[in-house]
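This is data_5.cif (mmCIF, C-alpha atoms).
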data_my_file
loop_
_atom_site.group_PDB
_atom_site.id
_atom_site.type_symbol
_atom_site.label_atom_id
_atom_site.label_comp_id
_atom_site.auth_asym_id
_atom_site.auth_seq_id
_atom_site.Cartn_x
_atom_site.Cartn_y
_atom_site.Cartn_z
ATOM 1 C CA MET A 1 -83.157 102.947 -124.693
ATOM 2 C CA ASP A 2 -82.809 102.824 -128.502
ATOM 3 C CA PRO A 3 -80.332 105.626 -129.246
ATOM 4 C CA PHE A 4 -79.242 107.192 -132.510
ATOM 5 C CA VAL A 5 -77.299 110.357 -133.321
ATOM 6 C CA VAL A 6 -78.156 113.198 -135.680
ATOM 7 C CA ILE A 7 -75.074 115.082 -136.871
ATOM 8 C CA SER A 8 -75.562 118.486 -138.465
ATOM 9 C CA PHE A 9 -72.900 120.566 -140.133
ATOM 10 C CA GLY A 10 -74.037 123.675 -141.955
ATOM 11 C CA LYS A 11 -76.870 122.517 -144.225
ATOM 12 C CA LYS A 12 -75.700 118.901 -144.152
ATOM 13 C CA VAL A 13 -77.496 116.468 -141.840
ATOM 14 C CA PHE A 14 -76.432 112.882 -141.186
ATOM 15 C CA ARG A 15 -78.008 110.206 -139.024
ATOM 16 C CA THR A 16 -76.659 106.996 -137.518
ATOM 17 C CA ARG A 17 -78.560 103.762 -137.338
ATOM 18 C CA ILE A 18 -80.598 102.934 -134.234
ATOM 19 C CA ILE A 19 -78.925 100.683 -131.662
ATOM 20 C CA ARG A 20 -81.698 98.738 -129.985
ATOM 21 C CA HIS A 21 -81.820 98.281 -126.200
ATOM 22 C CA SER A 22 -78.448 99.826 -125.347
ATOM 23 C CA LEU A 23 -77.254 102.254 -122.694
ATOM 24 C CA ASN A 24 -73.695 102.182 -124.081
ATOM 25 C CA PRO A 25 -74.113 102.109 -127.868
ATOM 26 C CA VAL A 26 -71.224 101.774 -130.293
ATOM 27 C CA TRP A 27 -72.195 102.767 -133.827
ATOM 28 C CA ASP A 28 -68.869 102.123 -135.557
ATOM 29 C CA GLU A 29 -69.994 104.093 -138.605
ATOM 30 C CA LYS A 30 -67.908 106.217 -140.941
ATOM 31 C CA LEU A 31 -68.901 109.721 -141.862
ATOM 32 C CA LEU A 32 -67.075 111.660 -144.532
ATOM 33 C CA PHE A 33 -67.835 115.231 -145.388
ATOM 34 C CA HIS A 34 -66.032 117.887 -147.327
ATOM 35 C CA VAL A 35 -65.156 121.064 -145.420
ATOM 36 C CA ARG A 36 -64.816 124.100 -147.604
ATOM 37 C CA GLU A 37 -62.545 126.914 -146.470
ATOM 38 C CA TYR A 38 -65.436 129.157 -145.410
ATOM 39 C CA GLU A 39 -66.941 126.264 -143.405
ATOM 40 C CA SER A 40 -63.892 125.950 -141.131
ATOM 41 C CA ALA A 41 -65.548 128.376 -138.697
ATOM 42 C CA PHE A 42 -68.746 126.277 -138.531
ATOM 43 C CA LYS A 43 -69.924 124.199 -135.614
ATOM 44 C CA VAL A 44 -70.785 120.489 -135.767
ATOM 45 C CA GLN A 45 -73.854 119.649 -133.680
ATOM 46 C CA LEU A 46 -74.382 116.111 -132.334
ATOM 47 C CA THR A 47 -77.828 115.295 -130.961
ATOM 48 C CA VAL A 48 -78.461 111.953 -129.257
ATOM 49 C CA LEU A 49 -82.062 110.795 -129.451
ATOM 50 C CA ASP A 50 -83.955 107.796 -128.099
ATOM 51 C CA TRP A 51 -86.027 106.229 -130.869
ATOM 52 C CA ASP A 52 -89.687 105.559 -130.056
ATOM 53 C CA LYS A 53 -91.972 103.588 -132.318
ATOM 54 C CA LEU A 54 -95.296 104.918 -131.065
ATOM 55 C CA SER A 55 -94.451 108.480 -130.067
ATOM 56 C CA SER A 56 -91.922 111.144 -130.961
ATOM 57 C CA ASN A 57 -88.250 110.466 -130.295
ATOM 58 C CA ASP A 58 -86.961 111.520 -126.869
ATOM 59 C CA HIS A 59 -84.088 113.966 -126.580
ATOM 60 C CA VAL A 60 -81.165 112.479 -124.625
ATOM 61 C CA GLY A 61 -78.474 115.137 -124.999
ATOM 62 C CA ASP A 62 -76.439 117.443 -127.209
ATOM 63 C CA ALA A 63 -72.776 118.072 -127.838
ATOM 64 C CA SER A 64 -71.033 120.354 -130.288
ATOM 65 C CA PHE A 65 -67.564 121.342 -131.397
ATOM 66 C CA MET A 66 -65.985 123.762 -133.807
ATOM 67 C CA VAL A 67 -64.595 122.334 -137.054
ATOM 68 C CA SER A 68 -61.498 124.453 -136.470
ATOM 69 C CA GLU A 69 -60.677 122.264 -133.433
ATOM 70 C CA LEU A 70 -60.247 119.273 -135.745
ATOM 71 C CA LEU A 71 -58.526 121.212 -138.508
ATOM 72 C CA ALA A 72 -55.863 122.388 -136.055
ATOM 73 C CA ASP A 73 -54.444 118.839 -136.226
ATOM 74 C CA ALA A 74 -54.414 118.773 -140.035
ATOM 75 C CA PRO A 75 -51.077 118.793 -141.839
ATOM 76 C CA GLN A 76 -50.027 122.325 -142.755
ATOM 77 C CA PRO A 77 -48.324 123.261 -146.022
ATOM 78 C CA ASP A 78 -44.860 124.788 -146.059
ATOM 79 C CA PRO A 79 -45.376 128.573 -145.939
ATOM 80 C CA VAL A 80 -42.768 129.174 -148.649
ATOM 81 C CA THR A 81 -43.505 126.418 -151.169
ATOM 82 C CA GLY A 82 -47.121 125.626 -150.303
ATOM 83 C CA LEU A 83 -46.262 121.907 -150.424
ATOM 84 C CA TYR A 84 -47.035 119.287 -147.798
ATOM 85 C CA ASP A 85 -44.504 116.987 -146.155
ATOM 86 C CA ASP A 86 -44.164 113.451 -147.511
ATOM 87 C CA ASP A 87 -45.875 112.048 -144.423
ATOM 88 C CA ALA A 88 -49.019 114.128 -144.981
ATOM 89 C CA ASP A 89 -50.682 111.250 -146.791
ATOM 90 C CA GLY A 90 -53.729 110.703 -144.540
ATOM 91 C CA LYS A 91 -52.452 107.331 -143.303
ATOM 92 C CA HIS A 92 -52.052 108.480 -139.731
ATOM 93 C CA PRO A 93 -53.877 106.768 -136.871
ATOM 94 C CA MET A 94 -57.237 108.159 -135.904
ATOM 95 C CA LYS A 95 -57.446 110.572 -132.995
ATOM 96 C CA GLU A 96 -60.095 110.339 -130.313
ATOM 97 C CA PHE A 97 -62.343 113.204 -129.318
ATOM 98 C CA GLN A 98 -64.704 113.020 -126.329
ATOM 99 C CA LEU A 99 -67.472 115.518 -125.595
ATOM 100 C CA PRO A 100 -69.787 115.659 -122.591
ATOM 101 C CA LEU A 101 -73.489 115.455 -123.424
ATOM 102 C CA SER A 102 -75.548 118.314 -122.099
ATOM 103 C CA THR A 103 -79.177 117.548 -121.402
ATOM 104 C CA GLY A 104 -81.964 120.080 -121.676
ATOM 105 C CA LYS A 105 -83.126 119.455 -118.146
ATOM 106 C CA GLU A 106 -81.316 118.790 -114.905
ATOM 107 C CA MET A 107 -81.363 115.025 -114.977
ATOM 108 C CA PRO A 108 -80.589 113.288 -111.677
ATOM 109 C CA TRP A 109 -78.663 110.547 -113.511
ATOM 110 C CA GLU A 110 -76.438 113.042 -115.345
ATOM 111 C CA ALA A 111 -74.302 113.934 -112.316
ATOM 112 C CA LYS A 112 -73.902 110.280 -111.421
ATOM 113 C CA HIS A 113 -73.062 108.956 -114.891
ATOM 114 C CA ALA A 114 -71.509 111.945 -116.743
ATOM 115 C CA PRO A 115 -72.864 111.035 -120.210
ATOM 116 C CA ALA A 116 -70.425 111.664 -123.051
ATOM 117 C CA ILE A 117 -70.046 110.914 -126.725
ATOM 118 C CA THR A 118 -66.709 109.755 -128.125
ATOM 119 C CA PHE A 119 -65.658 109.648 -131.750
ATOM 120 C CA ARG A 120 -62.482 109.064 -133.696
ATOM 121 C CA TYR A 121 -61.397 111.131 -136.647
ATOM 122 C CA VAL A 122 -58.674 111.729 -139.165
ATOM 123 C CA VAL A 123 -58.333 114.833 -141.315
ATOM 124 C CA PHE A 124 -57.573 114.307 -145.003
ATOM 125 C CA ILE A 125 -56.064 116.903 -147.265
ATOM 126 C CA VAL A 126 -57.603 116.704 -150.707
ATOM 127 C CA LEU A 127 -55.933 118.250 -153.673
ATOM 128 C CA MET A 128 -58.425 119.444 -156.244
ATOM 129 C CA LEU A 129 -57.143 120.363 -159.662
ATOM 130 C CA SER A 130 -59.050 122.009 -162.405
ATOM 131 C CA ILE A 131 -57.345 121.498 -165.742
ATOM 132 C CA HIS A 132 -58.714 123.028 -168.877
ATOM 133 C CA ASP A 133 -57.190 121.806 -172.108
ATOM 134 C CA ARG A 134 -57.314 123.939 -175.165
ATOM 135 C CA VAL A 135 -56.408 122.736 -178.560
ATOM 136 C CA VAL A 136 -55.083 125.504 -180.707
ATOM 137 C CA ASP A 137 -54.668 125.004 -184.430
ATOM 138 C CA THR A 138 -51.661 126.723 -185.872
#

Would you write out, as structure tokens, the structure that this file holds?
Amino acid sequence: MDPFVVISFGKKVFRTRIIRHSLNPVWDEKLLFHVREYESAFKVQLTVLDWDKLSSNDHVGDASFMVSELLADAPQPDPVTGLYDDDADGKHPMKEFQLPLSTGKEMPWEAKHAPAITFRYVVFIVLMLSIHDRVVDT
């Protein structure tokens, strides 16, 4: 099998590289995407495919999760001041998330092997400032 993963989030689509001849691939790739406030209710879809040179790629399985599941672990601002704690600097260790792969068909190997996809993540808080300077002559 020559697996790769297609990750879709809203209108954004990402793809990993193909790992040749592997039943237990490790991609070790980084994916960074900005989540806007209205996108926190979106779902992230992971589709594992088997690359084929001469025919169309074969579907291996799917997994999905809600972005809100990851954001629940994000640092929260103080409700009074709106400021974050000093330790909310994004330098925390990555957390692991494992999802079972669901196949489109009842595969005999699925019950025996319980295919899953595992990834690690960390949530960053990004402060975006918009500063408009005006020079006023007096």

Range 9-19 of chain A environment, 6 Å, all atoms listed in the file, sequence neighbours closer than 6 positions dropped, as an mmCIF file with C-alpha atoms, in the coordinates of the input:
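Writing done, so here's part_7.cif:
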data_model
loop_
_atom_site.group_PDB
_atom_site.id
_atom_site.type_symbol
_atom_site.label_atom_id
_atom_site.label_comp_id
_atom_site.auth_asym_id
_atom_site.auth_seq_id
_atom_site.Cartn_x
_atom_site.Cartn_y
_atom_site.Cartn_z
ATOM 1 C CA ASP A 2 -82.809 102.824 -128.502
ATOM 2 C CA PRO A 3 -80.332 105.626 -129.246
ATOM 3 C CA VAL A 44 -70.785 120.489 -135.767
#

Would you translate the PyMOL selection byres ((chain A and resi 52) around 12) into the concrete set of residues it matches in this file, as a list of chain:residue names?
-> A:Met1, A:Asp2, A:Pro3, A:Phe4, A:Ile18, A:Ile19, A:Arg20, A:His21, A:Leu49, A:Asp50, A:Trp51, A:Lys53, A:Leu54, A:Ser55, A:Ser56, A:Asn57, A:Asp58, A:His59

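Atom to atom, CA of Ala114 in chain A and CA of Leu46 in chain A stand 16.4 Å apart.
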
Which residue of A:Ala116, A:Val67, A:Val48, A:Met94 approaches Phe33 in chain A most closely, using all atoms listed in the file =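 So, comparing all the options, the nearest one is A:Val67.
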
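What the PyMOL selection byres ((chain A and resi 99) around 8) grabs from this file is Ala63, Ser64, Phe97, Gln98, Pro100, Leu101, Ala116, Ile117 and Thr118 of chain A.
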
Excluding same-chain residues fewer than 3 positions from Glu69 in chain A, what lies within 10 Å of it counting only C-alpha atoms, as a PDB file with C-alpha atoms, in the frame of the given file?
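In the end it all went to result25.pdb:
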ATOM      1  CA  SER A  40     -63.892 125.950-141.131  1.00  0.00           C
ATOM      2  CA  ALA A  41     -65.548 128.376-138.697  1.00  0.00           C
ATOM      3  CA  LYS A  43     -69.924 124.199-135.614  1.00  0.00           C
ATOM      4  CA  PHE A  65     -67.564 121.342-131.397  1.00  0.00           C
ATOM      5  CA  MET A  66     -65.985 123.762-133.807  1.00  0.00           C
ATOM      6  CA  ALA A  72     -55.863 122.388-136.055  1.00  0.00           C
ATOM      7  CA  ASP A  73     -54.444 118.839-136.226  1.00  0.00           C
ATOM      8  CA  ALA A  74     -54.414 118.773-140.035  1.00  0.00           C
TER       9      ALA A  74
END

Could you check how far CA of Ser22 in chain A sits from CA of Val5 in chain A, in Å to one decimal?
-> 13.3 Å

For Ile7 in chain A, which residue out of A:Glu39, A:Gln45, A:His34, A:Gly61 is the nearest one, using only C-alpha atoms?
->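 Comparing A:Glu39, A:Gln45, A:His34, A:Gly61 against Ile7 in chain A, the winner is A:Gln45.
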
Hey, can you check how far CA of Leu83 in chain A sits from CA of Lys95 in chain A?
-> 23.6 Å

Can you work out which one of A:Pro25, A:Ser8, A:Tyr121, A:Leu32 has the shortest atom-to-atom distance to Leu70 in chain A, counting all atoms listed in the file?
-> A:Tyr121

Which residue, A:Val6, A:Thr47, A:Leu71, A:Arg120, has the smallest gap to Lys30 in chain A when you use only C-alpha atoms?
->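 Of A:Val6, A:Thr47, A:Leu71, A:Arg120, the one nearest Lys30 in chain A, counting only C-alpha atoms, is A:Arg120.
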